[in-house]
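Below is the file start_3.cif, which contains mmCIF, C-alpha atoms.
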```cif
data_coords
#
loop_
_atom_site.label_atom_id
_atom_site.label_comp_id
_atom_site.auth_asym_id
_atom_site.auth_seq_id
_atom_site.Cartn_x
_atom_site.Cartn_y
_atom_site.Cartn_z
CA MET A 118 0.00 0.00 0.00
CA SER A 119 1.35 3.42 -0.88
CA GLU A 120 1.72 6.22 1.61
CA ALA A 121 1.02 9.90 1.08
CA LYS A 122 4.25 11.83 1.33
CA LEU A 123 4.20 15.19 3.07
CA GLY A 124 7.30 16.53 1.32
CA VAL A 125 5.86 15.71 -2.09
CA ALA A 126 2.56 17.36 -1.17
CA PHE A 127 4.32 20.48 0.17
CA PHE A 128 6.37 21.02 -2.98
CA THR A 129 3.49 20.08 -5.28
CA LEU A 130 1.33 22.73 -3.67
CA LEU A 131 4.13 25.31 -3.76
CA ARG A 132 4.83 24.55 -7.41
CA ARG A 133 1.13 24.63 -8.25
CA ASP A 134 0.66 28.07 -6.70
CA LEU A 135 3.74 29.46 -8.46
CA MET A 136 2.55 27.98 -11.75
CA LEU A 137 -0.93 29.47 -11.31
CA ALA A 138 0.64 32.84 -10.47
CA TYR A 139 2.76 32.61 -13.60
CA ARG A 140 -0.32 31.88 -15.71
CA HIS A 141 -1.93 34.98 -14.19
CA ARG A 142 1.13 37.20 -14.57
CA ALA A 143 -0.89 40.32 -15.30
CA GLN A 144 -2.96 39.94 -12.14
CA MET A 145 0.15 39.29 -10.08
CA MET A 146 1.78 42.46 -11.43
CA ASN A 147 -1.02 44.67 -10.08
CA PRO A 148 0.23 45.00 -6.49
CA LEU A 149 3.78 45.61 -7.74
CA LEU A 150 2.61 48.27 -10.13
CA PHE A 151 0.65 49.83 -7.29
CA PHE A 152 3.80 49.82 -5.16
CA VAL A 153 5.81 51.60 -7.83
CA ILE A 154 3.07 54.11 -8.65
CA VAL A 155 2.40 55.12 -5.05
CA VAL A 156 6.07 55.67 -4.30
CA SER A 157 6.77 57.53 -7.52
CA LEU A 158 3.81 59.88 -7.03
CA PHE A 159 5.17 61.29 -3.78
CA PRO A 160 7.95 63.39 -5.34
CA LEU A 161 5.32 64.81 -7.70
CA GLY A 162 2.82 65.64 -4.99
CA LEU A 163 5.33 67.03 -2.53
CA ASP A 164 8.10 69.50 -2.96
CA PRO A 165 10.72 67.52 -4.91
CA GLU A 166 13.47 68.72 -2.60
CA PRO A 167 16.16 66.05 -2.09
CA GLU A 168 16.30 66.71 1.66
CA LEU A 169 12.54 66.25 2.13
CA LEU A 170 12.42 63.11 -0.01
CA HIS A 171 15.39 61.75 1.87
CA THR A 172 13.47 62.18 5.15
CA ILE A 173 10.20 60.60 4.04
CA ALA A 174 11.71 57.79 1.93
CA PRO A 175 11.67 54.97 4.55
CA GLY A 176 8.11 55.69 5.64
CA VAL A 177 6.75 56.07 2.12
CA ILE A 178 8.37 52.91 0.83
CA TRP A 179 7.19 50.90 3.81
CA VAL A 180 3.61 52.21 3.73
CA ALA A 181 3.43 51.46 0.00
CA ALA A 182 4.84 47.96 0.56
CA LEU A 183 2.28 47.32 3.27
CA LEU A 184 -0.62 48.45 1.10
CA ALA A 185 0.67 46.42 -1.84
CA ALA A 186 0.81 43.35 0.42
CA MET A 187 -2.78 44.02 1.53
CA LEU A 188 -3.86 44.18 -2.12
CA SER A 189 -2.30 40.85 -2.95
CA LEU A 190 -3.54 39.02 0.15
CA ASP A 191 -7.11 38.63 -0.98
CA THR A 192 -6.11 36.24 -3.77
CA MET A 193 -4.36 33.83 -1.39
CA PHE A 194 -7.30 31.49 -0.76
CA ARG A 195 -10.05 33.03 -2.90
CA SER A 196 -9.87 30.88 -6.03
CA ASP A 197 -9.16 27.71 -4.04
CA PHE A 198 -12.25 28.42 -1.98
CA GLU A 199 -14.44 29.01 -5.01
CA ASP A 200 -13.44 25.97 -7.05
CA GLY A 201 -13.44 23.53 -4.14
CA SER A 202 -9.65 22.97 -4.06
CA LEU A 203 -9.61 24.18 -0.48
CA GLU A 204 -12.01 21.41 0.58
CA GLN A 205 -9.72 18.90 -1.09
CA LEU A 206 -6.76 20.37 0.78
CA LEU A 207 -8.57 19.80 4.06
CA LEU A 208 -9.30 16.22 3.06
CA THR A 209 -5.69 15.18 2.47
CA PRO A 210 -4.02 13.13 5.20
CA HIS A 211 -1.36 15.83 5.68
CA PRO A 212 -1.22 18.34 8.53
CA LEU A 213 -3.07 21.41 7.28
CA PRO A 214 -0.72 23.99 8.88
CA LEU A 215 2.17 22.73 6.75
CA LEU A 216 0.12 22.85 3.55
CA VAL A 217 -0.93 26.36 4.53
CA LEU A 218 2.74 27.23 4.99
CA ALA A 219 3.41 26.14 1.40
CA LYS A 220 0.69 28.51 0.20
CA ILE A 221 2.05 31.37 2.34
CA LEU A 222 5.55 30.75 1.02
CA ALA A 223 4.23 30.83 -2.55
CA HIS A 224 2.40 34.08 -1.79
CA TRP A 225 5.56 35.66 -0.41
CA LEU A 226 7.66 34.53 -3.37
CA VAL A 227 5.18 36.06 -5.76
CA SER A 228 4.25 39.25 -3.94
CA GLY A 229 6.86 39.92 -1.24
CA LEU A 230 10.11 39.07 -2.93
CA PRO A 231 9.50 41.33 -5.97
CA LEU A 232 8.98 44.28 -3.59
CA LEU A 233 12.43 43.56 -2.25
CA LEU A 234 13.89 43.64 -5.74
CA LEU A 235 12.15 46.90 -6.64
CA ALA A 236 12.94 48.69 -3.40
CA PRO A 237 16.53 49.80 -4.23
CA LEU A 238 15.28 51.47 -7.38
CA LEU A 239 12.53 53.31 -5.54
CA GLY A 240 14.96 54.18 -2.75
CA MET A 241 17.11 55.91 -5.34
CA LEU A 242 14.06 57.73 -6.68
CA LEU A 243 13.44 59.14 -3.19
CA ASN A 244 17.07 60.02 -2.67
CA LEU A 245 17.59 57.40 0.00
CA GLY A 246 21.28 57.36 0.84
CA SER A 247 23.51 54.33 0.42
CA GLU A 248 23.68 53.90 4.21
CA GLY A 249 19.90 53.48 4.26
CA LEU A 250 19.70 51.00 1.41
CA PHE A 251 20.95 47.92 3.22
CA PRO A 252 18.68 48.50 6.25
CA LEU A 253 15.72 49.01 3.91
CA LEU A 254 16.37 45.66 2.25
CA ALA A 255 16.98 43.98 5.59
CA THR A 256 13.71 45.25 7.04
CA LEU A 257 11.81 44.26 3.89
CA LEU A 258 13.40 40.82 3.99
CA LEU A 259 12.30 40.34 7.59
CA GLY A 260 9.05 42.28 7.34
CA THR A 261 7.30 41.15 4.15
CA PRO A 262 7.13 37.47 5.23
CA ILE A 263 5.45 38.68 8.44
CA LEU A 264 2.85 40.47 6.30
CA SER A 265 2.15 37.26 4.34
CA LEU A 266 2.03 35.12 7.48
CA ILE A 267 -0.23 37.35 9.57
CA GLY A 268 -2.28 38.30 6.53
CA SER A 269 -3.08 34.64 5.85
CA ILE A 270 -4.94 34.42 9.17
CA GLY A 271 -7.18 37.33 8.19
CA VAL A 272 -7.77 35.97 4.69
CA ALA A 273 -8.63 32.54 6.05
CA LEU A 274 -11.18 34.07 8.41
CA THR A 275 -12.85 36.20 5.73
CA VAL A 276 -12.62 33.89 2.72
CA GLY A 277 -16.18 32.63 3.12
CA LEU A 278 -17.67 36.11 3.42
CA ARG A 279 -19.07 38.23 0.65
CA GLY A 280 -17.30 41.58 0.60
CA GLY A 281 -14.79 40.48 3.21
CA GLY A 282 -12.23 42.97 1.86
CA VAL A 283 -13.01 45.79 4.27
CA LEU A 284 -13.23 43.42 7.21
CA LEU A 285 -9.87 41.98 6.19
CA SER A 286 -8.23 45.41 6.36
CA LEU A 287 -9.80 46.10 9.75
CA LEU A 288 -8.65 42.74 11.06
CA ILE A 289 -5.04 42.73 9.99
CA LEU A 290 -3.94 46.34 9.54
CA PRO A 291 -3.59 46.83 13.33
CA LEU A 292 -1.37 43.76 13.41
CA PHE A 293 0.81 45.20 10.65
CA ILE A 294 1.40 48.47 12.55
CA PRO A 295 4.29 47.22 14.75
CA VAL A 296 6.09 45.97 11.64
CA LEU A 297 5.63 49.35 9.96
CA ILE A 298 6.84 51.32 13.01
CA PHE A 299 9.95 49.27 13.65
CA ALA A 300 10.90 48.83 10.00
CA ALA A 301 10.53 52.49 9.02
CA ALA A 302 12.29 53.61 12.20
CA ALA A 303 15.17 51.23 11.55
CA VAL A 304 15.78 52.68 8.09
CA GLY A 305 15.52 56.25 9.40
CA ASN A 306 17.90 55.53 12.27
CA ALA A 307 20.43 53.88 9.98
CA GLU A 308 20.41 57.00 7.85
CA ALA A 309 21.11 59.07 10.96
CA GLY A 310 23.96 56.75 11.89
CA ILE A 311 22.22 55.15 14.89
CA ASP A 312 22.60 51.42 15.60
CA ILE A 313 19.59 49.40 14.39
CA THR A 314 20.33 45.91 15.72
CA GLY A 315 17.51 46.32 18.25
CA GLN A 316 14.87 46.98 15.61
CA LEU A 317 16.14 44.20 13.37
CA ALA A 318 16.14 41.80 16.31
CA PHE A 319 12.56 42.80 17.10
CA LEU A 320 11.48 42.24 13.49
CA GLY A 321 13.30 38.91 13.53
CA SER A 322 11.51 37.80 16.67
CA LEU A 323 8.16 38.88 15.19
CA LEU A 324 8.97 36.82 12.11
CA ALA A 325 9.88 33.79 14.21
CA ALA A 326 6.66 34.07 16.22
CA ALA A 327 4.52 34.55 13.11
CA PHE A 328 6.26 31.65 11.36
CA ALA A 329 5.52 29.33 14.27
CA LEU A 330 1.98 30.44 15.06
CA ALA A 331 0.35 31.89 11.94
CA PRO A 332 0.05 28.59 10.01
CA LEU A 333 -1.71 27.00 12.99
CA ALA A 334 -4.13 29.91 13.32
CA THR A 335 -4.73 29.99 9.56
CA ALA A 336 -5.44 26.26 9.43
CA ALA A 337 -7.95 26.59 12.27
CA ALA A 338 -9.56 29.59 10.58
CA LEU A 339 -9.88 27.68 7.30
CA ARG A 340 -11.62 24.81 9.06
CA ILE A 341 -14.08 27.30 10.54
CA SER A 342 -14.63 29.06 7.20
CA LEU A 343 -15.42 25.76 5.49
CA ASN A 344 -17.59 24.36 8.27
CA MET B 292 -8.60 -2.95 0.75
CA ASN B 293 -9.53 -3.45 4.35
CA GLU B 294 -12.41 -5.93 4.47
CA GLU B 295 -13.22 -5.04 8.06
CA ALA B 296 -13.72 -1.38 7.21
CA ARG B 297 -16.97 0.11 8.36
CA ILE B 298 -18.28 3.62 8.50
CA GLU B 299 -21.02 4.40 10.90
CA ALA B 300 -23.16 7.43 11.72
CA VAL B 301 -24.41 7.49 15.27
CA GLY B 302 -27.23 9.78 16.35
CA LEU B 303 -26.38 12.50 13.84
CA ALA B 304 -28.29 15.74 14.15
CA MET B 305 -27.72 19.01 12.34
CA SER B 306 -29.34 22.37 12.82
CA ARG B 307 -29.19 25.38 10.54
CA ASN B 308 -30.78 28.72 11.41
CA ASP B 309 -32.22 27.31 14.65
CA ARG B 310 -34.04 24.58 12.77
CA TYR B 311 -33.10 20.92 12.70
CA ILE B 312 -32.64 19.62 9.16
CA PHE B 313 -32.26 16.09 10.46
CA THR B 314 -32.10 14.47 13.86
CA ASP B 315 -31.09 11.08 15.20
CA LEU B 316 -29.73 9.77 11.93
CA ASN B 317 -28.15 6.32 12.22
CA PHE B 318 -26.69 4.20 9.47
CA PHE B 319 -23.64 2.12 8.71
CA LEU B 320 -21.83 0.91 5.65
CA GLU B 321 -19.46 -2.03 5.29
CA ALA B 322 -16.83 -2.93 2.73
CA GLY B 323 -18.41 -3.56 -0.66
CA GLN B 324 -21.58 -1.58 0.02
CA ILE B 325 -22.93 1.47 -1.75
CA LEU B 326 -25.32 3.91 -0.14
CA GLN B 327 -27.57 6.26 -2.07
CA VAL B 328 -28.83 9.22 -0.07
CA GLU B 329 -32.14 10.61 -1.26
CA GLY B 330 -34.28 13.51 -0.20
CA HIS B 331 -35.92 16.65 -1.52
CA ASN B 332 -33.97 19.87 -2.07
CA GLY B 333 -32.86 21.33 1.23
CA SER B 334 -33.22 18.06 3.13
CA GLY B 335 -29.55 18.19 4.12
CA LYS B 336 -27.98 15.70 1.71
CA THR B 337 -24.90 17.79 0.98
CA THR B 338 -24.57 18.77 4.65
CA MET B 339 -24.75 15.11 5.61
CA LEU B 340 -21.97 14.23 3.15
CA ARG B 341 -19.79 17.06 4.44
CA ILE B 342 -20.29 15.80 7.99
CA LEU B 343 -19.37 12.33 6.80
CA CYS B 344 -16.08 13.70 5.38
CA GLY B 345 -15.29 15.59 8.54
CA LEU B 346 -15.60 19.01 6.87
CA THR B 347 -18.63 20.09 8.88
CA LEU B 348 -19.18 19.49 12.58
CA PRO B 349 -22.56 17.94 13.34
CA THR B 350 -24.69 19.59 16.02
CA ASP B 351 -24.94 16.23 17.72
CA GLY B 352 -23.72 12.68 17.15
CA GLU B 353 -20.57 11.38 15.52
CA ILE B 354 -19.13 9.51 12.56
CA ARG B 355 -17.10 6.39 13.31
CA TRP B 356 -14.56 4.81 10.99
CA CYS B 357 -13.81 1.21 11.99
CA GLY B 358 -15.43 1.88 15.33
CA GLU B 359 -13.49 5.03 16.20
CA ASN B 360 -14.70 8.62 16.04
CA ILE B 361 -13.13 10.17 12.91
CA ARG B 362 -12.27 13.32 14.88
CA LYS B 363 -9.74 11.30 16.88
CA ASN B 364 -7.62 10.55 13.86
CA LEU B 365 -8.71 12.68 10.93
CA ALA B 366 -5.48 12.13 8.97
CA GLU B 367 -5.87 8.36 8.94
CA PHE B 368 -9.51 8.66 7.95
CA HIS B 369 -8.74 11.18 5.19
CA ALA B 370 -6.12 8.83 3.76
CA GLN B 371 -9.02 6.42 3.10
CA LEU B 372 -11.35 9.03 1.66
CA ALA B 373 -11.97 10.48 -1.79
CA TYR B 374 -14.57 13.23 -2.02
CA VAL B 375 -16.07 14.79 -5.11
CA GLY B 376 -18.37 17.61 -4.11
CA HIS B 377 -20.51 20.20 -5.84
CA ALA B 378 -17.44 22.32 -6.49
CA PRO B 379 -15.23 20.23 -8.77
CA GLY B 380 -12.02 20.85 -6.82
CA ILE B 381 -10.00 21.19 -10.00
CA LYS B 382 -8.00 24.24 -11.07
CA ASP B 383 -9.41 25.87 -14.19
CA ASP B 384 -6.00 27.14 -15.26
CA LEU B 385 -4.40 23.71 -15.32
CA THR B 386 -4.87 21.04 -17.96
CA PRO B 387 -6.79 17.85 -17.07
CA LEU B 388 -3.55 15.91 -16.81
CA GLU B 389 -1.97 18.51 -14.51
CA ASN B 390 -5.07 18.40 -12.33
CA LEU B 391 -4.92 14.62 -12.03
CA GLU B 392 -1.20 14.64 -11.19
CA LEU B 393 -1.92 17.29 -8.59
CA ALA B 394 -4.62 15.17 -6.96
CA ARG B 395 -2.25 12.23 -6.87
CA ASN B 396 0.69 14.08 -5.35
CA MET B 397 -1.42 15.68 -2.66
CA ASP B 398 -2.91 12.46 -1.36
CA ARG B 399 -2.38 8.72 -1.15
CA ALA B 400 -1.94 7.61 -4.75
CA ARG B 401 -3.28 4.40 -6.22
CA PRO B 402 -0.15 2.45 -7.11
CA GLY B 403 0.68 1.91 -10.76
CA VAL B 404 -1.91 4.25 -12.24
CA SER B 405 -0.78 6.99 -14.59
CA GLY B 406 -2.63 10.20 -15.39
CA GLU B 407 -2.75 9.27 -19.07
CA GLU B 408 -4.49 5.98 -18.34
CA VAL B 409 -7.07 7.74 -16.21
CA LEU B 410 -7.70 10.36 -18.89
CA GLU B 411 -8.28 7.55 -21.37
CA ARG B 412 -10.67 5.86 -19.00
CA LEU B 413 -12.58 9.12 -18.58
CA GLN B 414 -13.09 9.21 -22.36
CA LEU B 415 -12.04 12.81 -22.79
CA PRO B 416 -11.35 13.76 -26.41
CA ALA B 417 -7.67 13.78 -27.31
CA PHE B 418 -7.47 17.55 -27.83
CA CYS B 419 -8.36 18.07 -24.15
CA ASP B 420 -4.88 16.97 -23.11
CA ASP B 421 -3.24 20.36 -23.40
CA VAL B 422 -6.24 22.65 -22.94
CA PRO B 423 -6.79 24.35 -19.59
CA CYS B 424 -9.90 23.07 -17.84
CA ARG B 425 -11.65 26.42 -18.13
CA ASN B 426 -12.08 25.74 -21.86
CA LEU B 427 -13.79 22.40 -21.25
CA SER B 428 -17.53 21.88 -20.97
CA ALA B 429 -19.21 21.35 -17.60
CA GLY B 430 -19.55 17.64 -18.26
CA GLN B 431 -15.91 17.27 -19.27
CA ARG B 432 -14.81 19.11 -16.13
CA ARG B 433 -16.98 16.81 -14.04
CA ARG B 434 -15.19 13.86 -15.65
CA VAL B 435 -11.82 15.33 -14.71
CA ALA B 436 -13.07 15.84 -11.14
CA LEU B 437 -14.21 12.21 -11.03
CA GLY B 438 -10.75 11.20 -12.24
CA ARG B 439 -9.59 11.80 -8.68
CA LEU B 440 -11.40 8.59 -7.71
CA LEU B 441 -9.15 6.64 -10.06
CA MET B 442 -5.94 8.40 -9.02
CA LEU B 443 -6.39 7.85 -5.29
CA ASP B 444 -6.15 4.70 -3.26
CA ALA B 445 -9.24 5.42 -1.21
CA GLN B 446 -11.62 2.88 0.21
CA LEU B 447 -14.46 5.29 0.88
CA TRP B 448 -15.86 7.44 -1.92
CA VAL B 449 -18.16 10.29 -1.02
CA LEU B 450 -19.88 11.69 -4.09
CA ASP B 451 -22.23 14.65 -4.15
CA GLU B 452 -24.45 14.46 -7.24
CA PRO B 453 -21.83 12.69 -9.38
CA PHE B 454 -24.14 12.49 -12.38
CA THR B 455 -24.69 16.24 -12.72
CA ALA B 456 -23.82 17.56 -16.18
CA LEU B 457 -22.85 14.11 -17.45
CA ASP B 458 -24.22 12.66 -20.69
CA PRO B 459 -25.57 9.07 -20.80
CA SER B 460 -22.12 7.62 -21.57
CA GLY B 461 -20.70 9.59 -18.65
CA ARG B 462 -23.38 8.28 -16.33
CA ARG B 463 -22.66 4.77 -17.53
CA LEU B 464 -18.98 5.37 -16.78
CA VAL B 465 -19.70 6.46 -13.21
CA GLU B 466 -21.90 3.41 -12.69
CA GLU B 467 -19.11 1.18 -13.95
CA LEU B 468 -16.59 2.84 -11.64
CA LEU B 469 -18.95 2.41 -8.69
CA SER B 470 -19.62 -1.27 -9.31
CA GLU B 471 -15.92 -2.00 -9.84
CA HIS B 472 -15.16 -0.17 -6.62
CA ALA B 473 -17.78 -2.13 -4.69
CA LYS B 474 -16.58 -5.45 -6.10
CA ALA B 475 -13.02 -4.62 -5.03
CA GLY B 476 -14.27 -4.12 -1.48
CA GLY B 477 -14.63 -0.35 -1.56
CA MET B 478 -17.58 1.59 -0.28
CA ALA B 479 -19.35 4.67 -1.55
CA VAL B 480 -21.89 7.16 -0.30
CA MET B 481 -23.56 9.35 -2.89
CA THR B 482 -26.48 11.65 -3.36
CA THR B 483 -28.40 11.52 -6.59
CA HIS B 484 -31.95 11.64 -7.87
CA HIS B 485 -31.15 9.26 -10.70
CA ALA B 486 -31.95 5.58 -10.50
CA VAL B 487 -28.57 3.87 -10.52
CA ASN B 488 -27.97 0.50 -12.10
CA LEU B 489 -24.80 -1.14 -10.85
CA ASP B 490 -24.70 -4.53 -12.60
CA GLY B 491 -26.08 -6.52 -9.76
CA CYS B 492 -24.40 -4.64 -6.91
CA PRO B 493 -27.11 -3.89 -4.38
CA VAL B 494 -27.57 -0.21 -3.55
CA GLU B 495 -28.68 0.68 -0.05
CA ARG B 496 -30.95 3.69 0.25
CA LEU B 497 -31.26 6.36 2.87
CA GLN B 498 -34.15 8.78 2.81
CA LEU B 499 -33.57 12.20 4.35
CA GLY B 500 -36.15 14.82 5.25
CA THR B 501 -39.19 12.65 5.69
#
```

Turn this file's structure into structure tokens for me.
Amino acid sequence: MSEAKLGVAFFTLLRRDLMLAYRHRAQMMNPLLFFVIVVSLFPLGLDPEPELLHTIAPGVIWVAALLAAMLSLDTMFRSDFEDGSLEQLLLTPHPLPLLVLAKILAHWLVSGLPLLLLAPLLGMLLNLGSEGLFPLLATLLLGTPILSLIGSIGVALTVGLRGGGVLLSLLILPLFIPVLIFAAAAVGNAEAGIDITGQLAFLGSLLAAAFALAPLATAAALRISLN
Amino acid sequence: MNEEARIEAVGLAMSRNDRYIFTDLNFFLEAGQILQVEGHNGSGKTTMLRILCGLTLPTDGEIRWCGENIRKNLAEFHAQLAYVGHAPGIKDDLTPLENLELARNMDRARPGVSGEEVLERLQLPAFCDDVPCRNLSAGQRRRVALGRLLMLDAQLWVLDEPFTALDPSGRRLVEELLSEHAKAGGMAVMTTHHAVNLDGCPVERLQLGT
């Protein structure tokens, strides 16, 4: 008798989600485009003075990244819920939190990682100095997975609701605030020559906590949504 | 297949909107048996099947697999289960073959069965091989969804209206699959309003909402 293999299931699901994202490239580009547009509009709306842009750069880039992540979250479980794939996921013999983790990882690879790649360019646009660039990337590297992990809980809770979009923002935006505060402050401090190990350590611990707990919470929320 | 296998519903009750759709429902099914659930629209057939799979929690009562409440070991129970519900559970952006491979890799695969063989068995036209499922007709998509039954090594099939959207040859195919499954010692629970003819395999009936 054959056995179901968890590793195979994990990578199959990851590969499936990446493949589906690739077949919907245009849709996946939307949050990225939004990210670029929001950031590039600031110099036009404000006084394009290098000093001013330099000051607001960390905050603007992080707020835009956070909103772009919010935009992309809704798609995480939506289509699986509608076509019944989510039911099938619940009916496999594998632990649901690990399958959920595969989906979160796919979401981050598609929507979080590209933000990281675009950020240096946008940092330059806002006159972010070279001493701020590395901290910006470090905070994005630690912070965007937190957005995907915590966001998945909210999406799982609202996936069965009609018009759950507003509720989703209300649910998870407050949880994103600490990430925003510490990440933007870290970049600002680095620019001013202040040590940022504290902030990075805090973001790292948030990531570790979210990594350990969010898949469990998301799996439980999915079971409730499908009940 | 496990010849001792037995699924049992004990005192099931389910309420929706403060109203009981069924109460004190008891039945059991042993290896080689097929159960057809009947009842008018809204009598709780789909809900009952979802409870049977462990997707929905009943208001009262429990489902037992081989004498043990399924909630105690859902993973082991799910390894024995293949479910085809109202929603097909296939991805519209993937081809039929990709969907079948997906189903196999996510669950306990039937040994020695390839996706191509299953596609052939499902009698999908050859051009369907590299077309995404969204371009197929409803009946063809239903066939792909039913392909999961052939890809998985599951003893218990739970089918919600498996004949929907199928043409006569498709219905015949499902009947063949069901009787083969029963003869091999499998069991199946399904809802349908059609009279099913399973080549001599007896079909138990359960009436809901009387």

Counting all atoms listed in the file, what are the residues of chain B within 6 Å of chain A, and for each of them which pair of atoms is the nearest and at what distance in Å, to one decimal? Sort the table by chain and rising number, as CSV.
```
residue,atom,partner,partner_atom,distance
B:Leu346,CA,A:Asn344,CA,5.9
B:Thr347,CA,A:Asn344,CA,4.4
B:Ala366,CA,A:Pro210,CA,4.2
B:His369,CA,A:Pro210,CA,5.1
B:Ala370,CA,A:Pro210,CA,5.0
B:Ala378,CA,A:Gly201,CA,4.8
B:Pro379,CA,A:Gly201,CA,6.0
B:Gly380,CA,A:Gly201,CA,4.0
B:Asn396,CA,A:Ala126,CA,5.6
B:Met397,CA,A:Ala126,CA,4.6
B:Asp398,CA,A:Ala121,CA,5.3
B:Arg399,CA,A:Ala121,CA,4.2
```

Worksheet item: Can you list, as JSON, numbers by chain, the residues that the PyMOL selection byres ((chain A and resi 243) around 7) selects here?
Response: {"A": [170, 171, 174, 239, 240, 241, 242, 244, 245]}

Practice prompt. Evaluate the PyMOL selection byres ((chain B and resi 406) around 12) and record the selected residues as a ChimeraX atom specification, following the chain and residue labels used in the document.
Written response: /B:386-396,400-405,407-413,420,435,438-443

Fill in: All residues 12 Å or closer to segment 311-325 of chain A, only C-alpha atoms, same chain fewer than 3 positions away omitted, as number ranges by chain
A: 248-249, 251-267, 292-308, 328-332

Discussion item. Using all atoms listed in the file, which protein or nucleic acid residues come within 8 Å of segment 273-279 of chain A? Drop anything in the same chain fewer than 3 positions from it, and give the result as a ChimeraX atom specification.
Written reply: /A:194-195,198,269-270,282,284-285,335-336,338-339,341-343

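Between atom CA of Asn293 of chain B and atom CA of Arg355 of chain B there is a distance of 15.3 Å.
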
For the structure shown, which residues end up in the PyMOL selection byres ((chain A and resi 152-167) around 12)? Put them as a PDB file with C-alpha atoms, in the frame of the given file, please?
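Saved file selection08.pdb follows:
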```pdb
ATOM      1  CA  MET A 146       1.780  42.460 -11.430  1.00  0.00           C
ATOM      2  CA  ASN A 147      -1.020  44.670 -10.080  1.00  0.00           C
ATOM      3  CA  PRO A 148       0.230  45.000  -6.490  1.00  0.00           C
ATOM      4  CA  LEU A 149       3.780  45.610  -7.740  1.00  0.00           C
ATOM      5  CA  LEU A 150       2.610  48.270 -10.130  1.00  0.00           C
ATOM      6  CA  PHE A 151       0.650  49.830  -7.290  1.00  0.00           C
ATOM      7  CA  GLU A 168      16.300  66.710   1.660  1.00  0.00           C
ATOM      8  CA  LEU A 169      12.540  66.250   2.130  1.00  0.00           C
ATOM      9  CA  LEU A 170      12.420  63.110  -0.010  1.00  0.00           C
ATOM     10  CA  HIS A 171      15.390  61.750   1.870  1.00  0.00           C
ATOM     11  CA  THR A 172      13.470  62.180   5.150  1.00  0.00           C
ATOM     12  CA  ILE A 173      10.200  60.600   4.040  1.00  0.00           C
ATOM     13  CA  ALA A 174      11.710  57.790   1.930  1.00  0.00           C
ATOM     14  CA  PRO A 175      11.670  54.970   4.550  1.00  0.00           C
ATOM     15  CA  GLY A 176       8.110  55.690   5.640  1.00  0.00           C
ATOM     16  CA  VAL A 177       6.750  56.070   2.120  1.00  0.00           C
ATOM     17  CA  ILE A 178       8.370  52.910   0.830  1.00  0.00           C
ATOM     18  CA  TRP A 179       7.190  50.900   3.810  1.00  0.00           C
ATOM     19  CA  VAL A 180       3.610  52.210   3.730  1.00  0.00           C
ATOM     20  CA  ALA A 181       3.430  51.460   0.000  1.00  0.00           C
ATOM     21  CA  ALA A 182       4.840  47.960   0.560  1.00  0.00           C
ATOM     22  CA  LEU A 183       2.280  47.320   3.270  1.00  0.00           C
ATOM     23  CA  LEU A 184      -0.620  48.450   1.100  1.00  0.00           C
ATOM     24  CA  ALA A 185       0.670  46.420  -1.840  1.00  0.00           C
ATOM     25  CA  ALA A 186       0.810  43.350   0.420  1.00  0.00           C
ATOM     26  CA  MET A 187      -2.780  44.020   1.530  1.00  0.00           C
ATOM     27  CA  LEU A 188      -3.860  44.180  -2.120  1.00  0.00           C
ATOM     28  CA  SER A 189      -2.300  40.850  -2.950  1.00  0.00           C
ATOM     29  CA  SER A 228       4.250  39.250  -3.940  1.00  0.00           C
ATOM     30  CA  GLY A 229       6.860  39.920  -1.240  1.00  0.00           C
ATOM     31  CA  PRO A 231       9.500  41.330  -5.970  1.00  0.00           C
ATOM     32  CA  LEU A 232       8.980  44.280  -3.590  1.00  0.00           C
ATOM     33  CA  LEU A 233      12.430  43.560  -2.250  1.00  0.00           C
ATOM     34  CA  LEU A 234      13.890  43.640  -5.740  1.00  0.00           C
ATOM     35  CA  LEU A 235      12.150  46.900  -6.640  1.00  0.00           C
ATOM     36  CA  ALA A 236      12.940  48.690  -3.400  1.00  0.00           C
ATOM     37  CA  PRO A 237      16.530  49.800  -4.230  1.00  0.00           C
ATOM     38  CA  LEU A 238      15.280  51.470  -7.380  1.00  0.00           C
ATOM     39  CA  LEU A 239      12.530  53.310  -5.540  1.00  0.00           C
ATOM     40  CA  GLY A 240      14.960  54.180  -2.750  1.00  0.00           C
ATOM     41  CA  MET A 241      17.110  55.910  -5.340  1.00  0.00           C
ATOM     42  CA  LEU A 242      14.060  57.730  -6.680  1.00  0.00           C
ATOM     43  CA  LEU A 243      13.440  59.140  -3.190  1.00  0.00           C
ATOM     44  CA  ASN A 244      17.070  60.020  -2.670  1.00  0.00           C
ATOM     45  CA  LEU A 245      17.590  57.400   0.000  1.00  0.00           C
ATOM     46  CA  GLY A 246      21.280  57.360   0.840  1.00  0.00           C
TER      47      GLY A 246
END
```

Discussion item. As a VMD selection string, please: the residues near Asp383 of chain B (cut-off 8 Å, only C-alpha atoms, same-chain neighbours under 2 positions excluded).
Written reply: chain B and resid 381 385 to 386 423 to 425

Take the residues from that selection and write them out as an mmCIF file, in the coordinates of the input, keeping C-alpha atoms.
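Final output, part.cif:
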```cif
data_model
loop_
_atom_site.group_PDB
_atom_site.id
_atom_site.type_symbol
_atom_site.label_atom_id
_atom_site.label_comp_id
_atom_site.auth_asym_id
_atom_site.auth_seq_id
_atom_site.Cartn_x
_atom_site.Cartn_y
_atom_site.Cartn_z
ATOM 1 C CA ILE B 381 -10.000 21.190 -10.000
ATOM 2 C CA LEU B 385 -4.400 23.710 -15.320
ATOM 3 C CA THR B 386 -4.870 21.040 -17.960
ATOM 4 C CA PRO B 423 -6.790 24.350 -19.590
ATOM 5 C CA CYS B 424 -9.900 23.070 -17.840
ATOM 6 C CA ARG B 425 -11.650 26.420 -18.130
#
```
